[in-house]
file target_21.cif (mmCIF, C-alpha atoms and all ligand atoms)
data_query
#
loop_
_atom_site.label_atom_id
_atom_site.label_comp_id
_atom_site.auth_asym_id
_atom_site.auth_seq_id
_atom_site.Cartn_x
_atom_site.Cartn_y
_atom_site.Cartn_z
CA MET A 1 -15.23 -8.62 1.28
CA LYS A 2 -13.02 -6.65 -0.98
CA PHE A 3 -9.73 -7.73 0.50
CA ILE A 4 -10.26 -11.19 -0.89
CA ARG A 5 -10.26 -9.84 -4.38
CA THR A 6 -7.25 -7.66 -3.92
CA PHE A 7 -4.19 -9.61 -4.79
CA THR A 8 -1.03 -9.44 -6.73
CA LYS A 9 -0.78 -11.72 -9.67
CA PRO A 10 2.43 -13.71 -9.82
CA SER A 11 4.45 -13.32 -12.96
CA LYS A 12 7.65 -14.89 -14.09
CA LEU A 13 8.22 -12.63 -17.06
CA LEU A 14 9.73 -9.91 -15.14
CA PRO A 15 13.19 -8.79 -16.12
CA LEU A 16 11.66 -6.34 -18.58
CA LEU A 17 9.48 -4.80 -15.92
CA PHE A 18 11.17 -1.46 -15.57
CA LEU A 19 12.70 -1.14 -18.99
CA PHE A 20 9.67 0.35 -20.65
CA SER A 21 10.44 2.77 -23.44
CA MET A 22 8.70 6.13 -23.44
CA GLN A 23 8.57 5.92 -27.24
CA THR A 24 5.72 3.47 -27.00
CA LEU A 25 3.76 5.90 -24.94
CA HIS A 26 4.14 8.78 -27.37
CA ALA A 27 2.98 6.56 -30.20
CA LYS A 28 -0.24 5.81 -28.32
CA ASP A 29 -1.01 9.43 -27.56
CA SER A 30 -3.50 8.65 -24.82
CA ASP A 31 -5.89 11.33 -23.65
CA PHE A 32 -5.62 10.29 -20.04
CA LEU A 33 -2.10 10.82 -18.81
CA ILE A 34 -1.21 11.82 -15.29
CA SER A 35 2.31 13.13 -15.20
CA ASN A 36 4.78 13.99 -12.51
CA ASN A 37 7.81 15.51 -14.18
CA LYS A 38 8.86 12.72 -16.54
CA GLN A 39 6.81 10.07 -14.80
CA ILE A 40 3.52 8.92 -16.26
CA ASN A 41 0.47 7.09 -15.00
CA GLU A 42 -1.57 6.28 -18.09
CA VAL A 43 -5.25 5.70 -17.46
CA ARG A 44 -6.92 3.32 -19.90
CA PHE A 45 -10.58 2.47 -20.12
CA ASP A 46 -12.34 -0.64 -21.27
CA LYS A 47 -15.18 -0.14 -23.74
CA GLY A 48 -18.50 1.18 -22.51
CA PHE A 49 -17.60 4.34 -20.59
CA THR A 50 -19.14 7.63 -21.67
CA ALA A 51 -16.94 10.72 -22.03
CA LYS A 52 -18.40 12.09 -18.81
CA GLN A 53 -17.75 8.86 -16.89
CA LYS A 54 -14.21 8.82 -18.21
CA GLU A 55 -13.60 12.37 -17.09
CA LYS A 56 -14.95 11.70 -13.59
CA THR A 57 -12.90 8.52 -13.27
CA PHE A 58 -9.81 10.30 -14.54
CA GLN A 59 -10.22 12.97 -11.84
CA TRP A 60 -10.40 10.22 -9.25
CA VAL A 61 -7.27 8.42 -10.47
CA LYS A 62 -5.49 11.78 -10.58
CA TYR A 63 -6.43 12.42 -6.98
CA ALA A 64 -5.20 9.02 -5.83
CA SER A 65 -1.99 9.47 -7.84
CA LYS A 66 -1.37 12.65 -5.93
CA ALA A 67 -1.92 10.71 -2.71
CA LEU A 68 0.67 8.17 -3.85
CA LYS A 69 3.19 10.98 -4.20
CA ALA A 70 2.70 11.74 -0.50
CA VAL A 71 5.13 8.94 0.34
CA TYR A 72 8.25 10.57 -1.11
CA GLY A 73 7.25 13.10 -3.72
CA GLU A 74 7.23 10.94 -6.81
CA PHE A 75 5.67 7.80 -8.24
CA PRO A 76 7.49 4.58 -7.33
CA VAL A 77 7.68 3.59 -11.00
CA ASP A 78 8.30 5.93 -13.93
CA TYR A 79 5.56 4.53 -16.07
CA PHE A 80 2.53 2.47 -15.16
CA ILE A 81 -0.97 1.86 -16.42
CA THR A 82 -4.20 2.22 -14.50
CA GLN A 83 -6.71 0.06 -16.34
CA ILE A 84 -10.33 0.87 -15.60
CA LYS A 85 -12.97 -1.80 -16.10
CA ALA A 86 -16.70 -1.63 -15.49
CA SER A 87 -18.33 -3.69 -12.79
CA ARG A 88 -21.40 -5.61 -13.95
CA ARG A 89 -23.01 -6.07 -10.60
CA GLY A 90 -23.27 -4.71 -7.11
CA SER A 91 -23.34 -1.13 -5.97
CA GLU A 92 -19.93 -0.85 -4.35
CA PRO A 93 -17.93 1.95 -5.98
CA VAL A 94 -14.81 -0.20 -6.50
CA PRO A 95 -15.56 -3.89 -6.01
CA TRP A 96 -12.18 -5.15 -7.21
CA GLY A 97 -8.57 -4.13 -7.62
CA GLU A 98 -5.30 -5.86 -8.42
CA VAL A 99 -1.78 -5.20 -9.58
CA ASN A 100 -0.33 -7.06 -12.55
CA ARG A 101 3.41 -6.84 -12.34
CA GLU A 102 4.28 -7.30 -15.92
CA SER A 103 5.93 -4.93 -18.29
CA PRO A 104 4.90 -2.24 -17.49
CA SER A 105 3.11 -2.54 -14.14
CA GLU A 106 -0.63 -2.34 -14.42
CA VAL A 107 -3.11 -1.46 -11.70
CA VAL A 108 -6.54 -2.84 -12.58
CA LEU A 109 -9.59 -1.28 -10.97
CA VAL A 110 -13.10 -2.53 -11.54
CA ILE A 111 -15.51 0.26 -10.79
CA ASN A 112 -19.17 1.03 -10.72
CA LYS A 113 -19.61 3.47 -13.62
CA HIS A 114 -22.38 5.30 -11.81
CA ALA A 115 -20.49 5.96 -8.59
CA SER A 116 -19.92 9.64 -7.85
CA LEU A 117 -16.46 11.14 -7.64
CA LYS A 118 -16.86 11.38 -3.89
CA GLN A 119 -17.86 7.73 -3.57
CA LEU A 120 -14.85 6.72 -5.61
CA LYS A 121 -12.48 8.83 -3.50
CA ASP A 122 -13.95 7.42 -0.29
CA ASP A 123 -13.22 3.84 -1.34
CA TRP A 124 -9.88 2.49 -0.11
CA THR A 125 -9.10 0.13 -2.97
CA ILE A 126 -7.14 2.51 -5.21
CA TYR A 127 -4.90 3.68 -2.36
CA HIS A 128 -4.21 0.05 -1.51
CA GLU A 129 -3.37 -0.99 -5.07
CA PHE A 130 -1.16 2.03 -5.71
CA SER A 131 0.73 1.30 -2.48
CA HIS A 132 1.64 -2.12 -3.84
CA LEU A 133 3.86 -0.30 -6.33
CA LEU A 134 6.13 0.89 -3.52
CA ILE A 135 8.18 -2.31 -3.59
CA PRO A 136 9.48 -4.19 -6.68
CA TYR A 137 7.96 -7.41 -5.43
CA ASP A 138 7.96 -10.50 -7.62
CA ALA A 139 4.76 -11.80 -6.01
CA GLY A 140 6.33 -15.09 -4.97
CA ASP A 141 7.11 -15.69 -1.31
CA GLU A 142 5.74 -14.17 1.91
CA ARG A 143 2.77 -12.35 0.46
CA TRP A 144 1.85 -11.03 3.88
CA LEU A 145 4.70 -8.59 3.49
CA SER A 146 3.31 -7.02 0.33
CA GLU A 147 -0.32 -7.07 1.48
CA GLY A 148 0.80 -5.56 4.78
CA LEU A 149 2.61 -2.72 3.05
CA ALA A 150 -0.47 -1.90 0.97
CA SER A 151 -2.74 -2.12 4.03
CA TYR A 152 -0.46 0.18 6.04
CA TYR A 153 0.00 2.79 3.33
CA GLN A 154 -3.59 2.81 2.11
CA ASN A 155 -4.45 4.52 5.40
CA ILE A 156 -1.44 6.81 5.47
CA LEU A 157 -2.07 7.97 1.90
CA GLN A 158 -5.70 8.74 2.62
CA ALA A 159 -4.77 10.69 5.74
CA ARG A 160 -1.98 12.61 4.06
CA ILE A 161 -4.16 13.64 1.13
CA GLY A 162 -6.81 14.83 3.58
CA MET A 163 -9.46 12.13 3.27
CA PHE A 164 -9.39 11.78 7.05
CA ASP A 165 -7.62 13.10 10.13
CA GLU A 166 -4.89 11.59 12.26
CA GLU A 167 -7.24 10.02 14.77
CA LYS A 168 -9.23 8.26 12.09
CA MET A 169 -6.04 6.99 10.49
CA TRP A 170 -4.95 5.33 13.73
CA GLN A 171 -8.47 4.10 14.41
CA LYS A 172 -8.46 2.28 11.09
CA LEU A 173 -5.06 0.73 11.69
CA TYR A 174 -6.09 -0.29 15.19
CA GLU A 175 -9.30 -1.89 13.90
CA GLY A 176 -7.26 -3.82 11.35
CA PHE A 177 -4.94 -5.17 14.04
CA GLU A 178 -7.96 -6.14 16.12
CA ARG A 179 -9.49 -8.05 13.21
CA ALA A 180 -6.23 -9.94 12.82
CA ARG A 181 -6.09 -10.72 16.54
CA LYS A 182 -9.57 -12.19 16.41
CA GLN A 183 -8.82 -14.43 13.45
CA THR A 184 -7.45 -17.40 15.33
CA ASN A 185 -8.76 -20.44 13.45
CA TYR A 186 -5.33 -21.24 12.00
CA ARG A 187 -3.30 -20.55 15.11
CA GLN A 188 -1.40 -23.79 14.61
CA HIS A 189 0.19 -22.31 11.47
CA LYS A 190 2.86 -19.69 11.01
CA LEU A 191 2.09 -16.51 9.11
CA SER A 192 4.49 -17.53 6.38
CA TYR A 193 2.60 -20.76 5.76
CA LEU A 194 -0.78 -19.04 5.92
CA SER A 195 0.13 -16.46 3.34
CA GLU A 196 1.46 -19.18 1.01
CA ASN A 197 -1.97 -20.80 1.19
CA MET A 198 -4.18 -17.76 1.44
CA GLU A 199 -6.67 -18.95 -1.18
CA SER A 200 -7.53 -22.04 0.85
CA ASN A 201 -7.41 -20.74 4.42
CA HIS A 202 -8.96 -17.29 3.78
CA ASN A 203 -7.13 -15.85 6.80
CA TYR A 204 -7.01 -12.47 5.10
CA MET A 205 -7.36 -10.45 8.27
CA ARG A 206 -4.45 -12.10 10.05
CA ILE A 207 -2.31 -12.04 6.90
CA TYR A 208 -2.99 -8.46 5.80
CA TRP A 209 -2.97 -6.80 9.21
CA SER A 210 -0.07 -8.74 10.69
CA GLY A 211 1.72 -7.45 7.62
CA ALA A 212 0.56 -3.87 8.28
CA LEU A 213 1.79 -4.13 11.86
CA TYR A 214 5.16 -5.33 10.56
CA TRP A 215 5.58 -2.12 8.56
CA LEU A 216 4.35 0.09 11.39
CA LYS A 217 6.89 -1.51 13.73
CA ALA A 218 9.64 -1.07 11.17
CA ASP A 219 8.62 2.56 10.59
CA VAL A 220 8.65 3.36 14.31
CA ALA A 221 11.99 1.56 14.84
CA LEU A 222 13.59 3.52 12.00
CA ARG A 223 12.28 6.83 13.30
CA GLN A 224 13.68 5.95 16.74
CA LEU A 225 17.17 5.82 15.24
CA ASN A 226 16.95 9.62 15.10
CA ASN A 227 19.06 9.91 12.00
CA GLY A 228 16.36 11.02 9.61
CA SER A 229 15.32 7.45 8.84
CA SER A 230 11.72 6.56 8.20
CA LEU A 231 9.92 3.98 6.16
CA ASP A 232 9.07 6.62 3.53
CA ASN A 233 12.73 7.38 3.20
CA ALA A 234 13.83 3.74 3.12
CA LEU A 235 11.33 3.07 0.32
CA LEU A 236 12.67 6.02 -1.65
CA LYS A 237 16.18 4.59 -1.35
CA LEU A 238 14.84 1.23 -2.47
CA ARG A 239 13.29 2.88 -5.51
CA GLN A 240 16.58 4.55 -6.35
CA CYS A 241 18.70 1.43 -6.08
CA CYS A 242 16.64 -1.62 -6.71
CA PHE A 243 13.70 -1.30 -9.07
CA ARG A 244 15.36 -2.64 -12.20
CA TYR A 245 14.39 -6.21 -11.47
CA PRO A 246 11.64 -7.74 -9.40
CA LEU A 247 12.77 -9.07 -6.05
CA SER A 248 11.55 -11.68 -3.63
CA ALA A 249 10.31 -10.61 -0.20
CA THR A 250 13.54 -11.85 1.35
CA GLU A 251 15.66 -9.86 -1.10
CA ILE A 252 13.62 -6.73 -0.43
CA ILE A 253 14.17 -7.16 3.30
CA GLN A 254 17.91 -7.56 2.83
CA GLN A 255 18.08 -4.46 0.66
CA LEU A 256 16.10 -2.41 3.15
CA ASP A 257 18.44 -3.46 5.96
CA THR A 258 21.44 -2.46 3.89
CA LEU A 259 19.90 0.84 2.83
CA THR A 260 19.05 1.80 6.40
CA ASN A 261 22.28 0.43 7.83
CA SER A 262 20.22 -1.52 10.33
CA LYS A 263 18.77 -4.93 11.07
CA VAL A 264 15.29 -3.53 11.64
CA PHE A 265 13.67 -5.24 8.67
CA SER A 266 15.24 -8.68 8.96
CA GLN A 267 14.75 -8.99 12.70
CA LEU A 268 11.08 -8.12 12.49
CA PHE A 269 10.73 -10.31 9.42
CA GLN A 270 11.95 -13.32 11.34
CA GLN A 271 9.54 -12.59 14.18
CA PHE A 272 6.52 -12.02 11.95
CA SER A 273 6.96 -14.79 9.40
CA THR A 274 7.17 -17.34 12.21
CA SER A 275 4.30 -15.87 14.26
CA TYR A 276 1.27 -17.97 15.22
CA GLN A 277 -0.90 -14.94 15.85
CA ILE A 278 -0.56 -11.24 15.19
CA PRO A 279 2.37 -10.05 17.35
CA ALA A 280 1.54 -7.78 20.29
CA TYR A 281 0.74 -4.16 19.49
CA ASN A 282 -0.82 -2.60 22.59
CA ALA A 283 2.46 -1.45 24.14
CA LEU A 284 3.59 -0.04 20.81
CA LEU A 285 0.36 1.92 20.39
CA GLN A 286 0.61 3.23 23.94
CA SER A 287 4.16 4.40 23.40
CA LEU A 288 2.89 6.33 20.36
CA GLY A 289 0.20 8.03 22.44
CA ILE A 290 -2.65 5.93 21.08
CA GLN A 291 -5.03 4.85 23.80
CA GLN A 292 -7.98 2.65 23.24
CA ARG A 293 -11.12 2.26 25.21
CA ILE A 294 -13.94 -0.06 24.19
CA GLY A 295 -12.74 -0.09 20.63
CA ASP A 296 -12.33 3.66 20.23
CA ILE A 297 -8.91 5.19 20.17
CA SER A 298 -7.84 8.62 21.34
CA LEU A 299 -4.52 10.37 20.95
CA ASN A 300 -2.28 12.02 23.52
CA ASN A 301 0.85 14.03 23.05
CA ILE A 302 2.62 13.12 26.25
CA ALA A 303 3.66 9.58 25.37
CA LYS A 304 7.29 8.73 24.73
CA PHE A 305 6.89 8.55 20.96
CA SER A 306 3.94 10.86 20.31
CA LYS A 307 6.16 12.83 17.96
CA ILE A 308 6.86 9.75 15.90
CA ARG A 309 3.13 9.09 15.64
CA LYS A 310 2.53 12.59 14.38
CA ALA A 311 5.38 12.35 11.91
CA ILE A 312 3.95 9.18 10.39
CA TYR A 313 0.71 11.04 9.80
CA ARG A 314 2.16 14.37 8.87
CA ASP A 315 5.08 13.62 6.58
CA ASN A 316 3.11 15.12 3.76
CA ASN A 317 5.13 18.18 2.93
CA LEU A 318 6.14 16.46 -0.27
CA LEU A 319 2.67 16.79 -1.73
CA VAL A 320 2.98 18.67 -4.98
CA GLU A 321 0.23 20.84 -6.33
CA ASP A 322 -0.69 20.10 -9.91
ZN ZN B 401 -3.29 -6.07 -1.97
#

call {"tool": "encode", "arguments": {"input": "target_21.cif", "output": "structure tokens", "more": "lines below"}}
Ligand SMILES: [Zn+2]
result
Amino acid sequence: MKFIRTFTKPSKLLPLLFLFSMQTLHAKDSDFLISNNKQINEVRFDKGFTAKQKEKTFQWVKYASKALKAVYGEFPVDYFITQIKASRRGSEPVPWGEVNRESPSEVVLVINKHASLKQLKDDWTIYHEFSHLLIPYDAGDERWLSEGLASYYQNILQARIGMFDEEKMWQKLYEGFERARKQTNYRQHKLSYLSENMESNHNYMRIYWSGALYWLKADVALRQLNNGSSLDNALLKLRQCCFRYPLSATEIIQQLDTLTNSKVFSQLFQQFSTSYQIPAYNALLQSLGIQQRIGDISLNNIAKFSKIRKAIYRDNNLLVED
């Protein structure tokens, strides 16, 4: 169960996080740089990869980097490292991923060296880990918020880059919410408490997908304001104002409220962090034109907010050709 292994390592060293000097990069002269204007994702390999395996893996990371740009046209951080390690067992293409938020940010991906490019692209881990970079989170409090963001965007990124269509994107989100709804063995505890103690209660489904629902609800609420707001846009504003230092979940929420001139984030935050089960989502999905029948969803374009649903899927005009 990959989600167990996907976490964000806490770090207290962080004030230097975003102050990386490009000089260092030039001195290293890496062969595997993915650039977007002046931004760089540097791919590094552990020992043991052949030139061919490196090239294949590099193509994959490049593809996922392009997907990451489908949020607002650029990388969330100007310089980050994607560290590739080889898996010693199992046949899964990407058995493990994590983000180390040090200086600079590092996305670690453990991969099966023999996986094909297609198998690598089909695996969700890289989209999830890259999405963690969208907020300058200090990995302290309320981890459901960060895991939720990554779980929400991993599906949006894959859809926007063309890995799957709109219906499949919503199907995957719906299935996630359903898994959370069915995980009820800690229903005496609030989400906030559960995510503080994730390693002992293993309520990953409720934690990750309650979090994803939080961001979907925020996204829909922003788009209902009809002033050009969306979660993509709010995250871009956050990048522009507030990535110099790592922030706690609560600080991120406050900033997002300020940036969107709303109370959308804090009001939902209060509701979700104190929830004893995943908050209701059926009415929301219906209003978006997402119907479900025996576990399968279908889409209609006559619901009140069908246009919002499409926009969440389709806001991909920022994709830049390399
Ligand atoms: Zn994660």

call {"tool": "residues_around", "arguments": {"input": "target_21.cif", "residues": "Gln291 (chain A)", "least_positions_apart": "5", "cutoff": "12 Å", "atoms": "only C-alpha atoms", "output": "PyMOL selection string"}}
result
chain A and resi 167+170-171+174+281-286+296-303+306

call {"tool": "atom_distance", "arguments": {"input": "target_21.cif", "atom1": "CA of His132 (chain A)", "atom2": "CA of Phe49 (chain A)"}}
result
26.3 Å

call {"tool": "residues_around", "arguments": {"input": "target_21.cif", "residues": "Ser131 (chain A)", "least_positions_apart": "6", "cutoff": "8 Å", "atoms": "all atoms listed in the file", "output": "PyMOL selection string"}}
result
chain A and resi 68+149-150+153-154

call {"tool": "closest_residue", "arguments": {"input": "target_21.cif", "among": "A:Phe305, A:Tyr127, A:Phe75, A:Phe243", "to": "ligand ZN 401 (chain B)", "atoms": "only C-alpha atoms and all ligand atoms"}}
result
A:Tyr127

call {"tool": "atom_distance", "arguments": {"input": "target_21.cif", "atom1": "CA of Phe269 (chain A)", "atom2": "CA of Ser151 (chain A)"}}
result
16.7 Å

call {"tool": "closest_residue", "arguments": {"input": "target_21.cif", "among": "A:Ile81, A:Ile207, A:Leu120, A:Ile161", "to": "ligand ZN 401 (chain B)", "atoms": "all atoms listed in the file"}}
result
A:Ile207

call {"tool": "axis_aligned_box", "arguments": {"input": "target_21.cif", "around": "region 276-293 of chain A", "padding_each_side": "4 Å", "output": "JSON"}}
result
{"center_x": -3.5, "center_y": -5.0, "center_z": 20.2, "size_x": 23.3, "size_y": 34.0, "size_z": 18.0}

call {"tool": "atom_distance", "arguments": {"input": "target_21.cif", "atom1": "CA of Arg244 (chain A)", "atom2": "CA of Gly148 (chain A)"}}
result
22.6 Å

call {"tool": "decode", "arguments": {"input": "target_21.cif", "residues": "region 170-205 of chain A", "atoms": "N, CA and C atoms", "output": "PDB file, in the first residue's frame"}}
result
ATOM      1  N   TRP A 170     -12.714  11.919 -12.126  1.00  0.00           N
ATOM      2  CA  TRP A 170     -13.732  12.004 -11.068  1.00  0.00           C
ATOM      3  C   TRP A 170     -13.988  10.644 -10.438  1.00  0.00           C
ATOM      4  N   GLN A 171     -13.897   9.602 -11.249  1.00  0.00           N
ATOM      5  CA  GLN A 171     -14.050   8.246 -10.707  1.00  0.00           C
ATOM      6  C   GLN A 171     -12.999   7.989  -9.626  1.00  0.00           C
ATOM      7  N   LYS A 172     -11.780   8.394  -9.906  1.00  0.00           N
ATOM      8  CA  LYS A 172     -10.694   8.153  -8.950  1.00  0.00           C
ATOM      9  C   LYS A 172     -10.885   8.968  -7.680  1.00  0.00           C
ATOM     10  N   LEU A 173     -11.311  10.208  -7.828  1.00  0.00           N
ATOM     11  CA  LEU A 173     -11.566  11.020  -6.637  1.00  0.00           C
ATOM     12  C   LEU A 173     -12.726  10.427  -5.826  1.00  0.00           C
ATOM     13  N   TYR A 174     -13.771  10.041  -6.540  1.00  0.00           N
ATOM     14  CA  TYR A 174     -14.925   9.440  -5.877  1.00  0.00           C
ATOM     15  C   TYR A 174     -14.515   8.171  -5.111  1.00  0.00           C
ATOM     16  N   GLU A 175     -13.732   7.331  -5.741  1.00  0.00           N
ATOM     17  CA  GLU A 175     -13.297   6.090  -5.076  1.00  0.00           C
ATOM     18  C   GLU A 175     -12.460   6.397  -3.832  1.00  0.00           C
ATOM     19  N   GLY A 176     -11.667   7.439  -3.903  1.00  0.00           N
ATOM     20  CA  GLY A 176     -10.899   7.852  -2.732  1.00  0.00           C
ATOM     21  C   GLY A 176     -11.822   8.268  -1.587  1.00  0.00           C
ATOM     22  N   PHE A 177     -12.820   9.080  -1.905  1.00  0.00           N
ATOM     23  CA  PHE A 177     -13.759   9.519  -0.864  1.00  0.00           C
ATOM     24  C   PHE A 177     -14.484   8.314  -0.256  1.00  0.00           C
ATOM     25  N   GLU A 178     -14.834   7.378  -1.103  1.00  0.00           N
ATOM     26  CA  GLU A 178     -15.515   6.176  -0.622  1.00  0.00           C
ATOM     27  C   GLU A 178     -14.621   5.355   0.315  1.00  0.00           C
ATOM     28  N   ARG A 179     -13.346   5.269  -0.029  1.00  0.00           N
ATOM     29  CA  ARG A 179     -12.428   4.528   0.856  1.00  0.00           C
ATOM     30  C   ARG A 179     -12.332   5.216   2.211  1.00  0.00           C
ATOM     31  N   ALA A 180     -12.341   6.528   2.191  1.00  0.00           N
ATOM     32  CA  ALA A 180     -12.295   7.277   3.459  1.00  0.00           C
ATOM     33  C   ALA A 180     -13.575   7.035   4.266  1.00  0.00           C
ATOM     34  N   ARG A 181     -14.695   7.049   3.581  1.00  0.00           N
ATOM     35  CA  ARG A 181     -15.986   6.874   4.267  1.00  0.00           C
ATOM     36  C   ARG A 181     -16.055   5.519   4.958  1.00  0.00           C
ATOM     37  N   LYS A 182     -15.420   4.527   4.328  1.00  0.00           N
ATOM     38  CA  LYS A 182     -15.493   3.170   4.875  1.00  0.00           C
ATOM     39  C   LYS A 182     -14.480   2.935   5.993  1.00  0.00           C
ATOM     40  N   GLN A 183     -13.544   3.859   6.164  1.00  0.00           N
ATOM     41  CA  GLN A 183     -12.550   3.656   7.222  1.00  0.00           C
ATOM     42  C   GLN A 183     -13.064   4.314   8.507  1.00  0.00           C
ATOM     43  N   THR A 184     -13.742   3.535   9.301  1.00  0.00           N
ATOM     44  CA  THR A 184     -14.475   4.103  10.438  1.00  0.00           C
ATOM     45  C   THR A 184     -13.947   3.625  11.784  1.00  0.00           C
ATOM     46  N   ASN A 185     -12.820   2.921  11.799  1.00  0.00           N
ATOM     47  CA  ASN A 185     -12.396   2.310  13.069  1.00  0.00           C
ATOM     48  C   ASN A 185     -11.843   3.311  14.089  1.00  0.00           C
ATOM     49  N   TYR A 186     -11.662   4.559  13.682  1.00  0.00           N
ATOM     50  CA  TYR A 186     -11.253   5.582  14.657  1.00  0.00           C
ATOM     51  C   TYR A 186     -12.273   6.715  14.701  1.00  0.00           C
ATOM     52  N   ARG A 187     -13.545   6.354  14.595  1.00  0.00           N
ATOM     53  CA  ARG A 187     -14.551   7.407  14.474  1.00  0.00           C
ATOM     54  C   ARG A 187     -14.735   8.201  15.762  1.00  0.00           C
ATOM     55  N   GLN A 188     -14.090   7.746  16.834  1.00  0.00           N
ATOM     56  CA  GLN A 188     -14.140   8.535  18.066  1.00  0.00           C
ATOM     57  C   GLN A 188     -13.090   9.643  18.071  1.00  0.00           C
ATOM     58  N   HIS A 189     -12.269   9.707  17.025  1.00  0.00           N
ATOM     59  CA  HIS A 189     -11.212  10.723  16.990  1.00  0.00           C
ATOM     60  C   HIS A 189     -11.384  11.700  15.833  1.00  0.00           C
ATOM     61  N   LYS A 190     -11.014  12.919  16.110  1.00  0.00           N
ATOM     62  CA  LYS A 190     -11.064  13.956  15.075  1.00  0.00           C
ATOM     63  C   LYS A 190      -9.944  13.751  14.060  1.00  0.00           C
ATOM     64  N   LEU A 191     -10.180  14.269  12.866  1.00  0.00           N
ATOM     65  CA  LEU A 191      -9.189  14.147  11.789  1.00  0.00           C
ATOM     66  C   LEU A 191      -7.836  14.727  12.209  1.00  0.00           C
ATOM     67  N   SER A 192      -7.888  15.839  12.889  1.00  0.00           N
ATOM     68  CA  SER A 192      -6.674  16.496  13.334  1.00  0.00           C
ATOM     69  C   SER A 192      -5.827  15.563  14.212  1.00  0.00           C
ATOM     70  N   TYR A 193      -6.478  14.905  15.140  1.00  0.00           N
ATOM     71  CA  TYR A 193      -5.792  13.970  16.032  1.00  0.00           C
ATOM     72  C   TYR A 193      -5.257  12.768  15.238  1.00  0.00           C
ATOM     73  N   LEU A 194      -6.094  12.260  14.352  1.00  0.00           N
ATOM     74  CA  LEU A 194      -5.678  11.085  13.557  1.00  0.00           C
ATOM     75  C   LEU A 194      -4.444  11.384  12.736  1.00  0.00           C
ATOM     76  N   SER A 195      -4.408  12.552  12.123  1.00  0.00           N
ATOM     77  CA  SER A 195      -3.265  12.825  11.251  1.00  0.00           C
ATOM     78  C   SER A 195      -2.004  13.125  12.058  1.00  0.00           C
ATOM     79  N   GLU A 196      -2.159  13.539  13.297  1.00  0.00           N
ATOM     80  CA  GLU A 196      -0.996  13.693  14.195  1.00  0.00           C
ATOM     81  C   GLU A 196      -0.390  12.332  14.529  1.00  0.00           C
ATOM     82  N   ASN A 197      -1.236  11.317  14.512  1.00  0.00           N
ATOM     83  CA  ASN A 197      -0.814   9.985  14.967  1.00  0.00           C
ATOM     84  C   ASN A 197      -0.965   8.928  13.869  1.00  0.00           C
ATOM     85  N   MET A 198      -0.718   9.378  12.667  1.00  0.00           N
ATOM     86  CA  MET A 198      -0.940   8.533  11.489  1.00  0.00           C
ATOM     87  C   MET A 198      -0.158   7.217  11.540  1.00  0.00           C
ATOM     88  N   GLU A 199       1.076   7.302  12.060  1.00  0.00           N
ATOM     89  CA  GLU A 199       1.929   6.100  12.051  1.00  0.00           C
ATOM     90  C   GLU A 199       1.385   5.009  12.974  1.00  0.00           C
ATOM     91  N   SER A 200       0.610   5.384  13.985  1.00  0.00           N
ATOM     92  CA  SER A 200       0.077   4.339  14.859  1.00  0.00           C
ATOM     93  C   SER A 200      -1.343   3.923  14.478  1.00  0.00           C
ATOM     94  N   ASN A 201      -2.146   4.828  13.925  1.00  0.00           N
ATOM     95  CA  ASN A 201      -3.528   4.417  13.643  1.00  0.00           C
ATOM     96  C   ASN A 201      -3.734   3.939  12.192  1.00  0.00           C
ATOM     97  N   HIS A 202      -2.789   4.240  11.322  1.00  0.00           N
ATOM     98  CA  HIS A 202      -2.843   3.790   9.922  1.00  0.00           C
ATOM     99  C   HIS A 202      -4.159   4.138   9.217  1.00  0.00           C
ATOM    100  N   ASN A 203      -4.791   5.220   9.617  1.00  0.00           N
ATOM    101  CA  ASN A 203      -6.053   5.600   8.962  1.00  0.00           C
ATOM    102  C   ASN A 203      -5.779   6.432   7.705  1.00  0.00           C
ATOM    103  N   TYR A 204      -4.929   5.899   6.865  1.00  0.00           N
ATOM    104  CA  TYR A 204      -4.464   6.676   5.703  1.00  0.00           C
ATOM    105  C   TYR A 204      -5.603   7.079   4.767  1.00  0.00           C
ATOM    106  N   MET A 205      -6.554   6.198   4.600  1.00  0.00           N
ATOM    107  CA  MET A 205      -7.640   6.506   3.669  1.00  0.00           C
ATOM    108  C   MET A 205      -8.442   7.699   4.160  1.00  0.00           C
TER     109      MET A 205
END
